[in-house]
$ cat entry_16.tsv   # TSV, C-alpha atoms
chain	number	residue	atom	x	y	z
A	225	MET	CA	-49.81	59.81	201.39
A	226	ASN	CA	-48.51	58.57	204.72
A	227	VAL	CA	-46.87	61.95	205.28
A	228	TRP	CA	-50.17	63.77	204.67
A	229	ILE	CA	-51.95	61.45	207.13
A	230	ALA	CA	-49.32	62.28	209.77
A	231	ILE	CA	-49.60	66.02	209.03
A	232	LEU	CA	-53.39	66.08	209.27
A	233	ALA	CA	-53.46	63.91	212.41
A	234	THR	CA	-50.92	66.22	214.07
A	235	ALA	CA	-52.78	69.36	212.94
A	236	VAL	CA	-56.15	68.14	214.27
A	237	GLY	CA	-54.64	66.88	217.54
A	238	CYS	CA	-52.57	70.00	218.22
A	239	TYR	CA	-55.47	72.35	217.41
A	240	ALA	CA	-57.81	70.34	219.63
A	241	VAL	CA	-55.56	70.59	222.69
A	242	LYS	CA	-55.13	74.33	222.15
A	243	LEU	CA	-58.90	74.83	221.96
A	244	ILE	CA	-59.64	72.55	224.93
A	245	GLY	CA	-57.62	74.83	227.21
A	246	LEU	CA	-59.80	77.80	226.24
A	247	LEU	CA	-63.09	75.93	226.54
A	248	VAL	CA	-62.94	73.65	229.59
A	249	PRO	CA	-64.18	75.01	232.89
A	250	THR	CA	-61.41	76.06	235.27
A	251	GLY	CA	-60.66	73.41	237.84
A	252	VAL	CA	-60.54	70.34	235.63
A	253	LEU	CA	-56.94	70.91	234.56
A	254	GLU	CA	-55.95	72.82	237.67
A	255	ARG	CA	-55.20	69.84	239.93
A	256	PRO	CA	-51.54	70.11	241.00
A	257	LEU	CA	-50.77	66.56	239.86
A	258	VAL	CA	-52.15	67.18	236.36
A	259	GLN	CA	-50.27	70.49	236.09
A	260	ARG	CA	-47.01	68.90	237.22
A	261	LEU	CA	-47.41	66.06	234.70
A	262	ALA	CA	-48.10	68.58	231.94
A	263	ALA	CA	-44.88	70.42	232.86
A	264	LEU	CA	-42.77	67.24	232.98
A	265	LEU	CA	-44.08	65.62	229.79
A	266	PRO	CA	-42.37	68.09	227.40
A	267	VAL	CA	-39.14	67.74	229.42
A	268	ALA	CA	-39.11	63.98	228.78
A	269	LEU	CA	-40.05	64.29	225.10
A	270	LEU	CA	-37.60	67.11	224.31
A	271	ALA	CA	-34.73	65.32	226.10
A	272	ALA	CA	-35.37	62.07	224.24
A	273	LEU	CA	-35.74	63.87	220.90
A	274	THR	CA	-32.57	65.92	221.41
A	275	ALA	CA	-30.58	62.77	222.19
A	276	GLN	CA	-32.03	60.78	219.30
A	277	GLN	CA	-31.63	63.44	216.66
A	278	THR	CA	-28.02	63.93	217.77
A	279	PHE	CA	-26.85	60.33	218.15
A	280	ALA	CA	-29.16	58.25	215.92
A	281	ASP	CA	-28.60	57.26	212.32
A	282	GLY	CA	-31.72	55.25	211.51
A	283	GLN	CA	-31.81	52.65	214.27
A	284	VAL	CA	-28.05	52.73	214.95
A	285	LEU	CA	-26.35	54.93	217.53
A	286	VAL	CA	-23.45	56.97	216.13
A	287	LEU	CA	-21.10	59.70	217.30
A	288	ASP	CA	-20.59	62.20	214.47
A	289	ALA	CA	-20.32	65.93	213.74
A	290	ARG	CA	-23.82	66.57	215.12
A	291	ALA	CA	-22.54	65.86	218.66
A	292	SER	CA	-20.00	68.69	218.38
A	293	GLY	CA	-22.74	70.95	217.02
A	294	LEU	CA	-24.96	70.17	219.98
A	295	ALA	CA	-22.07	70.81	222.37
A	296	ALA	CA	-21.66	74.23	220.74
A	297	ALA	CA	-25.38	74.88	221.22
A	298	ALA	CA	-25.08	73.90	224.89
A	299	VAL	CA	-22.19	76.35	225.38
A	300	ALA	CA	-24.21	79.08	223.64
A	301	LEU	CA	-27.14	78.36	225.98
A	302	LEU	CA	-24.86	78.56	229.04
A	303	LEU	CA	-23.68	81.96	227.77
A	304	ARG	CA	-27.37	82.98	227.50
A	305	ALA	CA	-27.17	83.51	223.75
A	306	PRO	CA	-30.44	84.30	221.94
A	307	PHE	CA	-32.41	81.44	220.37
A	308	LEU	CA	-31.25	82.02	216.79
A	309	LEU	CA	-27.59	82.21	217.80
A	310	VAL	CA	-27.88	78.87	219.62
A	311	VAL	CA	-29.21	77.18	216.49
A	312	ALA	CA	-26.65	78.94	214.29
A	313	ALA	CA	-23.78	77.78	216.54
A	314	ALA	CA	-24.93	74.17	216.20
A	315	VAL	CA	-25.25	74.40	212.41
A	316	ILE	CA	-21.92	76.16	211.84
A	317	VAL	CA	-19.89	73.86	214.13
A	318	THR	CA	-21.48	70.75	212.65
A	319	ALA	CA	-20.72	71.93	209.12
A	320	GLY	CA	-17.15	72.86	210.13
A	321	VAL	CA	-16.39	69.54	211.82
A	322	ARG	CA	-17.94	67.64	208.91
A	323	ALA	CA	-15.84	69.59	206.41
A	324	MET	CA	-12.64	68.92	208.38
A	325	THR	CA	-13.27	65.21	209.01
A	326	GLY	CA	-14.97	64.96	205.62
B	281	MET	CA	-66.87	86.10	232.47
B	282	ALA	CA	-68.70	89.37	233.13
B	283	GLU	CA	-67.45	89.04	236.69
B	284	GLN	CA	-63.86	88.72	235.56
B	285	THR	CA	-64.16	91.78	233.34
B	286	ALA	CA	-65.66	93.81	236.15
B	287	LEU	CA	-62.87	92.72	238.49
B	288	ALA	CA	-60.22	93.77	236.02
B	289	GLU	CA	-61.64	97.25	235.42
B	290	PRO	CA	-60.06	99.10	238.38
B	291	HIS	CA	-56.81	97.29	237.68
B	292	ASP	CA	-56.92	98.53	234.10
B	293	ALA	CA	-57.44	102.08	235.23
B	294	GLY	CA	-54.48	101.85	237.60
B	295	GLY	CA	-50.88	100.89	236.72
B	296	ALA	CA	-51.48	100.76	232.98
B	297	LYS	CA	-48.63	100.05	230.59
B	298	PRO	CA	-48.51	102.20	227.44
B	299	ASP	CA	-49.87	100.33	224.41
B	300	ARG	CA	-46.73	101.15	222.48
B	301	ALA	CA	-44.50	99.44	225.04
B	302	VAL	CA	-46.65	96.30	224.85
B	303	VAL	CA	-46.54	96.30	221.05
B	304	GLN	CA	-42.75	96.68	221.12
B	305	ASP	CA	-42.30	93.73	223.51
B	306	ALA	CA	-44.66	91.62	221.45
B	307	LEU	CA	-43.03	92.48	218.13
B	308	GLY	CA	-39.57	91.75	219.56
B	309	VAL	CA	-40.52	88.23	220.58
B	310	GLY	CA	-42.62	87.66	217.46
B	311	ILE	CA	-39.87	88.68	215.07
B	312	ALA	CA	-37.00	86.87	216.85
B	313	VAL	CA	-38.85	83.58	217.07
B	314	GLY	CA	-40.68	83.99	213.78
B	315	LEU	CA	-37.34	84.06	212.01
B	316	SER	CA	-36.52	80.57	213.29
B	317	GLY	CA	-39.13	79.31	210.84
B	318	PHE	CA	-36.13	79.27	208.48
B	319	ALA	CA	-34.63	76.45	210.55
B	320	PHE	CA	-37.90	74.55	210.37
B	321	GLY	CA	-38.35	75.01	206.63
B	322	VAL	CA	-34.79	73.84	205.96
B	323	THR	CA	-35.06	70.87	208.36
B	324	SER	CA	-38.40	69.79	206.94
B	325	ALA	CA	-37.30	70.00	203.31
B	326	GLY	CA	-33.98	68.35	204.22
B	327	GLY	CA	-35.96	65.56	205.88
B	328	GLY	CA	-37.71	64.82	202.60
B	329	LEU	CA	-41.04	66.64	203.00
B	330	SER	CA	-42.38	68.48	199.96
B	331	LEU	CA	-42.91	72.25	199.85
B	332	PRO	CA	-46.73	72.01	200.31
B	333	GLN	CA	-46.27	69.53	203.18
B	334	THR	CA	-43.75	71.77	204.92
B	335	CYS	CA	-45.97	74.85	204.57
B	336	ALA	CA	-49.10	72.94	205.63
B	337	LEU	CA	-47.35	72.01	208.88
B	338	SER	CA	-46.54	75.62	209.74
B	339	LEU	CA	-50.02	76.85	208.74
B	340	LEU	CA	-52.06	74.12	210.41
B	341	VAL	CA	-49.97	72.80	213.31
B	342	PHE	CA	-48.22	76.07	214.26
B	343	THR	CA	-46.39	74.84	217.34
B	344	GLY	CA	-42.66	74.57	216.68
B	345	ALA	CA	-41.56	71.64	218.84
B	346	SER	CA	-44.34	69.40	217.49
B	347	GLN	CA	-43.46	70.33	213.91
B	348	PHE	CA	-39.75	69.55	214.40
B	349	ALA	CA	-40.65	66.29	216.16
B	350	LEU	CA	-42.96	65.21	213.34
B	351	VAL	CA	-40.52	65.87	210.49
B	352	GLY	CA	-37.70	64.25	212.49
B	353	ALA	CA	-39.77	61.10	213.05
B	354	LEU	CA	-40.93	60.96	209.42
B	355	ALA	CA	-37.39	61.54	208.12
B	356	ALA	CA	-36.18	58.64	210.28
B	357	GLY	CA	-38.75	56.44	208.57
B	358	GLY	CA	-41.26	56.27	211.41
B	359	ASN	CA	-44.86	55.10	211.10
B	360	PRO	CA	-47.15	58.15	210.52
B	361	PHE	CA	-49.21	57.45	213.64
B	362	THR	CA	-46.31	57.04	216.08
B	363	ALA	CA	-44.79	60.17	214.53
B	364	ALA	CA	-48.05	62.09	215.00
B	365	ALA	CA	-48.42	60.75	218.56
B	366	GLY	CA	-45.01	62.12	219.57
B	367	ALA	CA	-45.85	65.50	218.04
B	368	PHE	CA	-49.26	65.48	219.72
B	369	PHE	CA	-47.88	64.78	223.21
B	370	LEU	CA	-45.48	67.71	222.80
B	371	GLY	CA	-48.48	69.91	221.93
B	372	VAL	CA	-50.45	68.93	225.04
B	373	ARG	CA	-48.76	71.67	227.07
B	374	ASN	CA	-50.65	74.25	224.98
B	375	ALA	CA	-53.91	73.11	226.63
B	376	PHE	CA	-52.52	74.32	229.96
B	377	TYR	CA	-51.44	77.62	228.42
B	378	GLY	CA	-54.97	78.02	227.07
B	379	LEU	CA	-56.39	77.51	230.52
B	380	ARG	CA	-54.27	80.33	231.96
B	381	LEU	CA	-54.92	82.61	228.98
B	382	SER	CA	-58.70	82.13	229.03
B	383	GLN	CA	-58.69	83.64	232.54
B	384	VAL	CA	-56.37	86.51	231.61
B	385	LEU	CA	-57.86	87.39	228.20
B	386	ALA	CA	-61.55	86.60	228.95
B	387	LEU	CA	-62.31	86.16	225.26
B	388	PRO	CA	-65.88	86.06	223.90
B	389	ARG	CA	-66.93	82.53	223.00
B	390	ALA	CA	-67.07	83.29	219.25
B	391	VAL	CA	-63.43	84.47	219.17
B	392	ARG	CA	-61.97	81.47	221.01
B	393	PRO	CA	-61.76	79.03	218.05
B	394	PHE	CA	-59.66	81.63	216.18
B	395	ALA	CA	-57.49	82.64	219.13
B	396	ALA	CA	-56.80	78.98	219.91
B	397	GLN	CA	-54.38	78.51	216.99
B	398	TRP	CA	-52.05	81.17	218.44
B	399	ILE	CA	-51.78	79.61	221.89
B	400	ILE	CA	-48.11	78.59	222.06
B	401	ASP	CA	-45.06	79.11	224.31
B	402	GLU	CA	-44.18	82.60	223.10
B	403	THR	CA	-47.65	84.18	223.02
B	404	THR	CA	-48.30	82.78	226.50
B	405	ALA	CA	-45.04	84.17	227.86
B	406	VAL	CA	-45.73	87.68	226.49
B	407	THR	CA	-49.41	87.69	227.50
B	408	LEU	CA	-48.86	86.52	231.08
B	409	ALA	CA	-46.15	89.16	231.57
B	410	GLN	CA	-48.64	92.03	231.01
B	411	PRO	CA	-50.05	93.98	233.97
B	412	THR	CA	-53.59	94.60	232.67
B	413	ARG	CA	-56.23	92.85	230.58
B	414	ARG	CA	-55.96	95.48	227.84
B	415	ALA	CA	-52.16	95.02	227.68
B	416	ALA	CA	-52.56	91.23	227.75
B	417	ARG	CA	-55.00	91.32	224.81
B	418	ILE	CA	-52.72	93.61	222.79
B	419	GLY	CA	-49.67	91.49	223.67
B	420	PHE	CA	-51.41	88.27	222.67
B	421	THR	CA	-52.74	89.65	219.40
B	422	VAL	CA	-49.53	91.35	218.25
B	423	THR	CA	-47.25	88.46	219.22
B	424	GLY	CA	-49.64	85.94	217.66
B	425	LEU	CA	-50.02	87.87	214.42
B	426	ALA	CA	-46.30	88.67	214.03
B	427	LEU	CA	-45.31	85.08	214.79
B	428	TYR	CA	-47.94	83.48	212.56
B	429	VAL	CA	-47.10	85.64	209.55
B	430	LEU	CA	-43.32	85.42	209.97
B	431	TRP	CA	-43.20	81.74	210.94
B	432	ASN	CA	-45.11	80.80	207.78
B	433	LEU	CA	-43.16	83.16	205.55
B	434	THR	CA	-39.77	81.98	206.82
B	435	THR	CA	-40.90	78.34	206.63
B	436	LEU	CA	-41.58	78.87	202.94
B	437	LEU	CA	-38.25	80.63	202.37
B	438	GLY	CA	-36.38	77.98	204.37
B	439	ALA	CA	-37.93	75.15	202.37
B	440	LEU	CA	-37.17	76.92	199.08
B	441	GLY	CA	-33.64	77.62	200.31
B	442	ALA	CA	-33.08	73.99	201.23
B	443	GLU	CA	-34.16	72.91	197.75
B	444	ALA	CA	-31.71	75.41	196.27
B	445	ILE	CA	-28.86	74.34	198.57
B	446	GLY	CA	-29.37	70.65	197.84
B	447	ASP	CA	-27.33	68.65	200.37
B	448	THR	CA	-28.46	70.19	203.67
B	449	GLU	CA	-26.21	67.86	205.70
B	450	ALA	CA	-23.05	69.30	204.17
B	451	TRP	CA	-24.16	72.65	205.63
B	452	GLY	CA	-24.70	71.13	209.06
B	453	LEU	CA	-28.42	71.90	208.87
B	454	ASP	CA	-29.36	68.50	210.32
B	455	ALA	CA	-28.06	69.87	213.65
B	456	ALA	CA	-30.72	72.63	213.67
B	457	GLY	CA	-33.50	70.30	214.88
B	458	PRO	CA	-31.73	68.95	218.00
B	459	ALA	CA	-30.37	72.45	218.77
B	460	VAL	CA	-33.93	73.83	218.74
B	461	PHE	CA	-35.04	71.05	221.10
B	462	LEU	CA	-32.11	71.74	223.43
B	463	ALA	CA	-32.89	75.48	223.45
B	464	LEU	CA	-36.52	74.74	224.36
B	465	LEU	CA	-35.49	72.18	226.97
B	466	ALA	CA	-32.76	74.14	228.79
B	467	PRO	CA	-35.01	76.67	230.61
B	468	MET	CA	-37.27	73.82	231.79
B	469	LEU	CA	-34.48	72.06	233.75
B	470	ARG	CA	-34.88	73.98	237.01
B	471	THR	CA	-35.40	71.32	239.67
B	472	THR	CA	-33.88	67.92	240.44
B	473	GLY	CA	-37.16	66.33	239.35
B	474	GLU	CA	-36.97	67.90	235.91
B	475	ARG	CA	-33.33	66.90	235.47
B	476	ALA	CA	-34.17	63.34	236.52
B	477	VAL	CA	-36.97	63.21	233.93
B	478	ALA	CA	-34.58	64.44	231.22
B	479	GLY	CA	-31.86	61.95	232.22
B	480	ILE	CA	-34.21	58.96	232.28
B	481	ALA	CA	-35.79	60.02	228.99
B	482	VAL	CA	-32.37	60.24	227.28
B	483	VAL	CA	-31.42	56.75	228.52
B	484	LEU	CA	-34.78	55.28	227.40
B	485	GLY	CA	-34.77	57.13	224.08
B	486	LEU	CA	-31.26	56.01	223.12
B	487	GLY	CA	-31.33	52.59	224.80
B	488	LEU	CA	-34.54	51.46	223.13
B	489	LEU	CA	-33.72	52.96	219.72
B	490	PRO	CA	-32.03	49.83	218.29
B	491	VAL	CA	-34.73	47.42	219.52
B	492	LEU	CA	-38.11	49.16	219.05
B	493	PRO	CA	-39.75	50.44	215.83
B	494	THR	CA	-38.80	54.02	214.88
B	495	GLY	CA	-40.82	56.63	216.79
B	496	VAL	CA	-41.83	54.28	219.61
B	497	PRO	CA	-38.77	54.87	221.88
B	498	VAL	CA	-39.70	58.59	222.20
B	499	LEU	CA	-43.18	57.64	223.38
B	500	VAL	CA	-41.72	55.17	225.91
B	501	ALA	CA	-39.28	57.87	227.06
B	502	ALA	CA	-42.29	60.09	227.85
B	503	LEU	CA	-43.05	57.64	230.69
B	504	ALA	CA	-40.11	59.20	232.54
B	505	ALA	CA	-42.52	62.04	233.47
B	506	PRO	CA	-45.16	59.95	235.36
B	507	VAL	CA	-42.41	57.77	236.88
B	508	VAL	CA	-40.59	60.75	238.41
B	509	LEU	CA	-43.91	62.30	239.44
B	510	TRP	CA	-44.79	59.08	241.27
B	511	ALA	CA	-41.35	59.00	242.96
B	512	GLU	CA	-41.75	62.66	244.00
B	513	GLY	CA	-45.17	61.88	245.46
B	514	ARG	CA	-43.81	58.92	247.46
B	515	ARG	CA	-40.91	60.93	248.83
B	516	ARG	CA	-43.26	63.70	249.92
B	517	ALA	CA	-45.57	61.14	251.57
B	518	ASP	CA	-42.58	59.66	253.47
B	519	ARG	CA	-41.35	63.04	254.63
B	520	GLN	CA	-44.58	64.65	255.85
B	521	PRO	CA	-47.21	62.05	256.71
B	522	ASP	CA	-50.52	63.41	257.95
B	523	GLY	CA	-53.57	62.02	259.68
B	524	ARG	CA	-54.39	59.91	256.64
B	525	LEU	CA	-52.39	56.96	257.98
B	526	GLU	CA	-55.03	56.17	260.57
B	527	ASP	CA	-54.84	52.41	260.26
B	528	GLN	CA	-51.28	52.58	261.68
B	529	ARG	CA	-51.86	54.94	264.56
B	530	ASP	CA	-48.59	54.39	266.38
B	531	GLY	CA	-46.53	54.76	263.26
B	532	GLY	CA	-48.51	57.85	262.34
B	533	ARG	CA	-47.91	59.50	265.71
B	534	ASP	CA	-44.19	58.73	265.57
B	535	ASP	CA	-44.02	60.26	262.14
B	536	ARG	CA	-45.87	63.35	263.28
B	537	ARG	CA	-43.46	63.83	266.13
B	538	GLY	CA	-40.59	63.45	263.67
B	539	GLY	CA	-42.22	66.08	261.50
B	540	ARG	CA	-42.47	68.56	264.37
B	541	GLN	CA	-38.82	68.05	265.26
B	542	GLY	CA	-37.98	68.67	261.65
B	543	GLU	CA	-39.89	71.95	261.71
B	544	GLY	CA	-38.12	73.06	264.90
B	545	ARG	CA	-34.74	72.76	263.30

$ encode --input "entry_16.tsv" --output "structure tokens"
Amino acid sequence: MNVWIAILATAVGCYAVKLIGLLVPTGVLERPLVQRLAALLPVALLAALTAQQTFADGQVLVLDARASGLAAAAVALLLRAPFLLVVAAAVIVTAGVRAMTG
Amino acid sequence: MAEQTALAEPHDAGGAKPDRAVVQDALGVGIAVGLSGFAFGVTSAGGGLSLPQTCALSLLVFTGASQFALVGALAAGGNPFTAAAGAFFLGVRNAFYGLRLSQVLALPRAVRPFAAQWIIDETTAVTLAQPTRRAARIGFTVTGLALYVLWNLTTLLGALGAEAIGDTEAWGLDAAGPAVFLALLAPMLRTTGERAVAGIAVVLGLGLLPVLPTGVPVLVAALAAPVVLWAEGRRRADRQPDGRLEDQRDGGRDDRRGGRQGEGR
């Protein structure tokens, strides 16, 4: 039940912000400060989420195979690999390291 | 709106891009990204969400980063509202895409509620890259349709696949979520300000993880954005003061002189 509440809340919220952009008069969201904040907000959230989903096990910080997978993804990004290849590199390296350290 | 259409007319007649070229661009992006719905389906099912829940997310939310964030937070045992809040804040950027697109596409009012669901990173990127309104409308529609159909189809297949595989961690599939986030984040880190935001957010997100309830540290980490914005604003105010500092006339004049010297160099 809790999961469905979260899904519906996210769906309503995400649809609402998409629609707002199409409906509000130009000018309201066009202030430079608001635009800059909107650009920086995803940077903060994505950085925090990347770090947490790599180094967190529940509420404990750990260093495991996921870190090597993320490093592989970072290398793939530096080499300008396409999106799917970046994700595949992370998955394959994580699986490999986990199998070796088992 | 009529004005905008009229303005675009001569532009449309001029340097037009063949419809086929637009469709090809749009399909390329739509198919490449649509396939990554596999990663979402697998991650969501691996995180403990049921098949209907996983598919409902792709059908109803349809914005990848928010979906990954939500299933990650729920899998970690977060409260449904903090989990939804994190996903929501990630989706806020779509409002700004919508603002740009409403000018470019000039959609009739009745169509907007339907077009809204397709306003995401990829459709915006393809649409804004088009030279004319006709090309922009084709690009938006084809990218949106290809992505929506494929994203939902591959979500379903990914979730079914994860159930068939069983232990998704043995296959390293728990690394797909953070890799997706990193791939979305990397192109955003262009300036010092953006890198500072990312660095502070990582420190806050990891540092607060052991002490705050699950899901809350990500929301606190989001404060890195306004903090850096405030610091940027202060630095700019220090560097180029203008006539606004009238209550400190002498200081203001000194600063102005400094500014002119700076320009001369």

$ atom_distance --input "entry_16.tsv" --atom1 "atom CA of Val317 of chain A" --atom2 "atom CA of Gln347 of chain B"
23.8 Å

$ interface_residues --input "entry_16.tsv" --of "chain A" --to "chain B" --cutoff "7 Å" --atoms "all atoms listed in the file" --output "VMD selection string"
chain A and resid 226 to 227 229 to 231 233 to 235 237 to 239 241 to 246 261 to 262 264 to 278 282 to 284 290 293 to 294 297 301 307 to 308 310 to 311 314 to 316 318 to 319

$ write_last_selection --input "entry_16.tsv" --atoms "C-alpha atoms" --output "PDB file, in the coordinates of the input"
ATOM      1  CA  ASN A 226     -48.510  58.570 204.720  1.00  0.00           C
ATOM      2  CA  VAL A 227     -46.870  61.950 205.280  1.00  0.00           C
ATOM      3  CA  ILE A 229     -51.950  61.450 207.130  1.00  0.00           C
ATOM      4  CA  ALA A 230     -49.320  62.280 209.770  1.00  0.00           C
ATOM      5  CA  ILE A 231     -49.600  66.020 209.030  1.00  0.00           C
ATOM      6  CA  ALA A 233     -53.460  63.910 212.410  1.00  0.00           C
ATOM      7  CA  THR A 234     -50.920  66.220 214.070  1.00  0.00           C
ATOM      8  CA  ALA A 235     -52.780  69.360 212.940  1.00  0.00           C
ATOM      9  CA  GLY A 237     -54.640  66.880 217.540  1.00  0.00           C
ATOM     10  CA  CYS A 238     -52.570  70.000 218.220  1.00  0.00           C
ATOM     11  CA  TYR A 239     -55.470  72.350 217.410  1.00  0.00           C
ATOM     12  CA  VAL A 241     -55.560  70.590 222.690  1.00  0.00           C
ATOM     13  CA  LYS A 242     -55.130  74.330 222.150  1.00  0.00           C
ATOM     14  CA  LEU A 243     -58.900  74.830 221.960  1.00  0.00           C
ATOM     15  CA  ILE A 244     -59.640  72.550 224.930  1.00  0.00           C
ATOM     16  CA  GLY A 245     -57.620  74.830 227.210  1.00  0.00           C
ATOM     17  CA  LEU A 246     -59.800  77.800 226.240  1.00  0.00           C
ATOM     18  CA  LEU A 261     -47.410  66.060 234.700  1.00  0.00           C
ATOM     19  CA  ALA A 262     -48.100  68.580 231.940  1.00  0.00           C
ATOM     20  CA  LEU A 264     -42.770  67.240 232.980  1.00  0.00           C
ATOM     21  CA  LEU A 265     -44.080  65.620 229.790  1.00  0.00           C
ATOM     22  CA  PRO A 266     -42.370  68.090 227.400  1.00  0.00           C
ATOM     23  CA  VAL A 267     -39.140  67.740 229.420  1.00  0.00           C
ATOM     24  CA  ALA A 268     -39.110  63.980 228.780  1.00  0.00           C
ATOM     25  CA  LEU A 269     -40.050  64.290 225.100  1.00  0.00           C
ATOM     26  CA  LEU A 270     -37.600  67.110 224.310  1.00  0.00           C
ATOM     27  CA  ALA A 271     -34.730  65.320 226.100  1.00  0.00           C
ATOM     28  CA  ALA A 272     -35.370  62.070 224.240  1.00  0.00           C
ATOM     29  CA  LEU A 273     -35.740  63.870 220.900  1.00  0.00           C
ATOM     30  CA  THR A 274     -32.570  65.920 221.410  1.00  0.00           C
ATOM     31  CA  ALA A 275     -30.580  62.770 222.190  1.00  0.00           C
ATOM     32  CA  GLN A 276     -32.030  60.780 219.300  1.00  0.00           C
ATOM     33  CA  GLN A 277     -31.630  63.440 216.660  1.00  0.00           C
ATOM     34  CA  THR A 278     -28.020  63.930 217.770  1.00  0.00           C
ATOM     35  CA  GLY A 282     -31.720  55.250 211.510  1.00  0.00           C
ATOM     36  CA  GLN A 283     -31.810  52.650 214.270  1.00  0.00           C
ATOM     37  CA  VAL A 284     -28.050  52.730 214.950  1.00  0.00           C
ATOM     38  CA  ARG A 290     -23.820  66.570 215.120  1.00  0.00           C
ATOM     39  CA  GLY A 293     -22.740  70.950 217.020  1.00  0.00           C
ATOM     40  CA  LEU A 294     -24.960  70.170 219.980  1.00  0.00           C
ATOM     41  CA  ALA A 297     -25.380  74.880 221.220  1.00  0.00           C
ATOM     42  CA  LEU A 301     -27.140  78.360 225.980  1.00  0.00           C
ATOM     43  CA  PHE A 307     -32.410  81.440 220.370  1.00  0.00           C
ATOM     44  CA  LEU A 308     -31.250  82.020 216.790  1.00  0.00           C
ATOM     45  CA  VAL A 310     -27.880  78.870 219.620  1.00  0.00           C
ATOM     46  CA  VAL A 311     -29.210  77.180 216.490  1.00  0.00           C
ATOM     47  CA  ALA A 314     -24.930  74.170 216.200  1.00  0.00           C
ATOM     48  CA  VAL A 315     -25.250  74.400 212.410  1.00  0.00           C
ATOM     49  CA  ILE A 316     -21.920  76.160 211.840  1.00  0.00           C
ATOM     50  CA  THR A 318     -21.480  70.750 212.650  1.00  0.00           C
ATOM     51  CA  ALA A 319     -20.720  71.930 209.120  1.00  0.00           C
TER      52      ALA A 319
END

$ atom_distance --input "entry_16.tsv" --atom1 "atom CA of Pro256 of chain A" --atom2 "atom CA of Pro388 of chain B"
27.4 Å

$ closest_residue --input "entry_16.tsv" --among "B:Ala511, B:Val391, B:Val496, B:Leu427" --to "Val309 of chain B" --atoms "all atoms listed in the file"
B:Leu427

$ atom_distance --input "entry_16.tsv" --atom1 "atom CA of Ala444 of chain B" --atom2 "atom CA of Ala295 of chain A"
28.2 Å
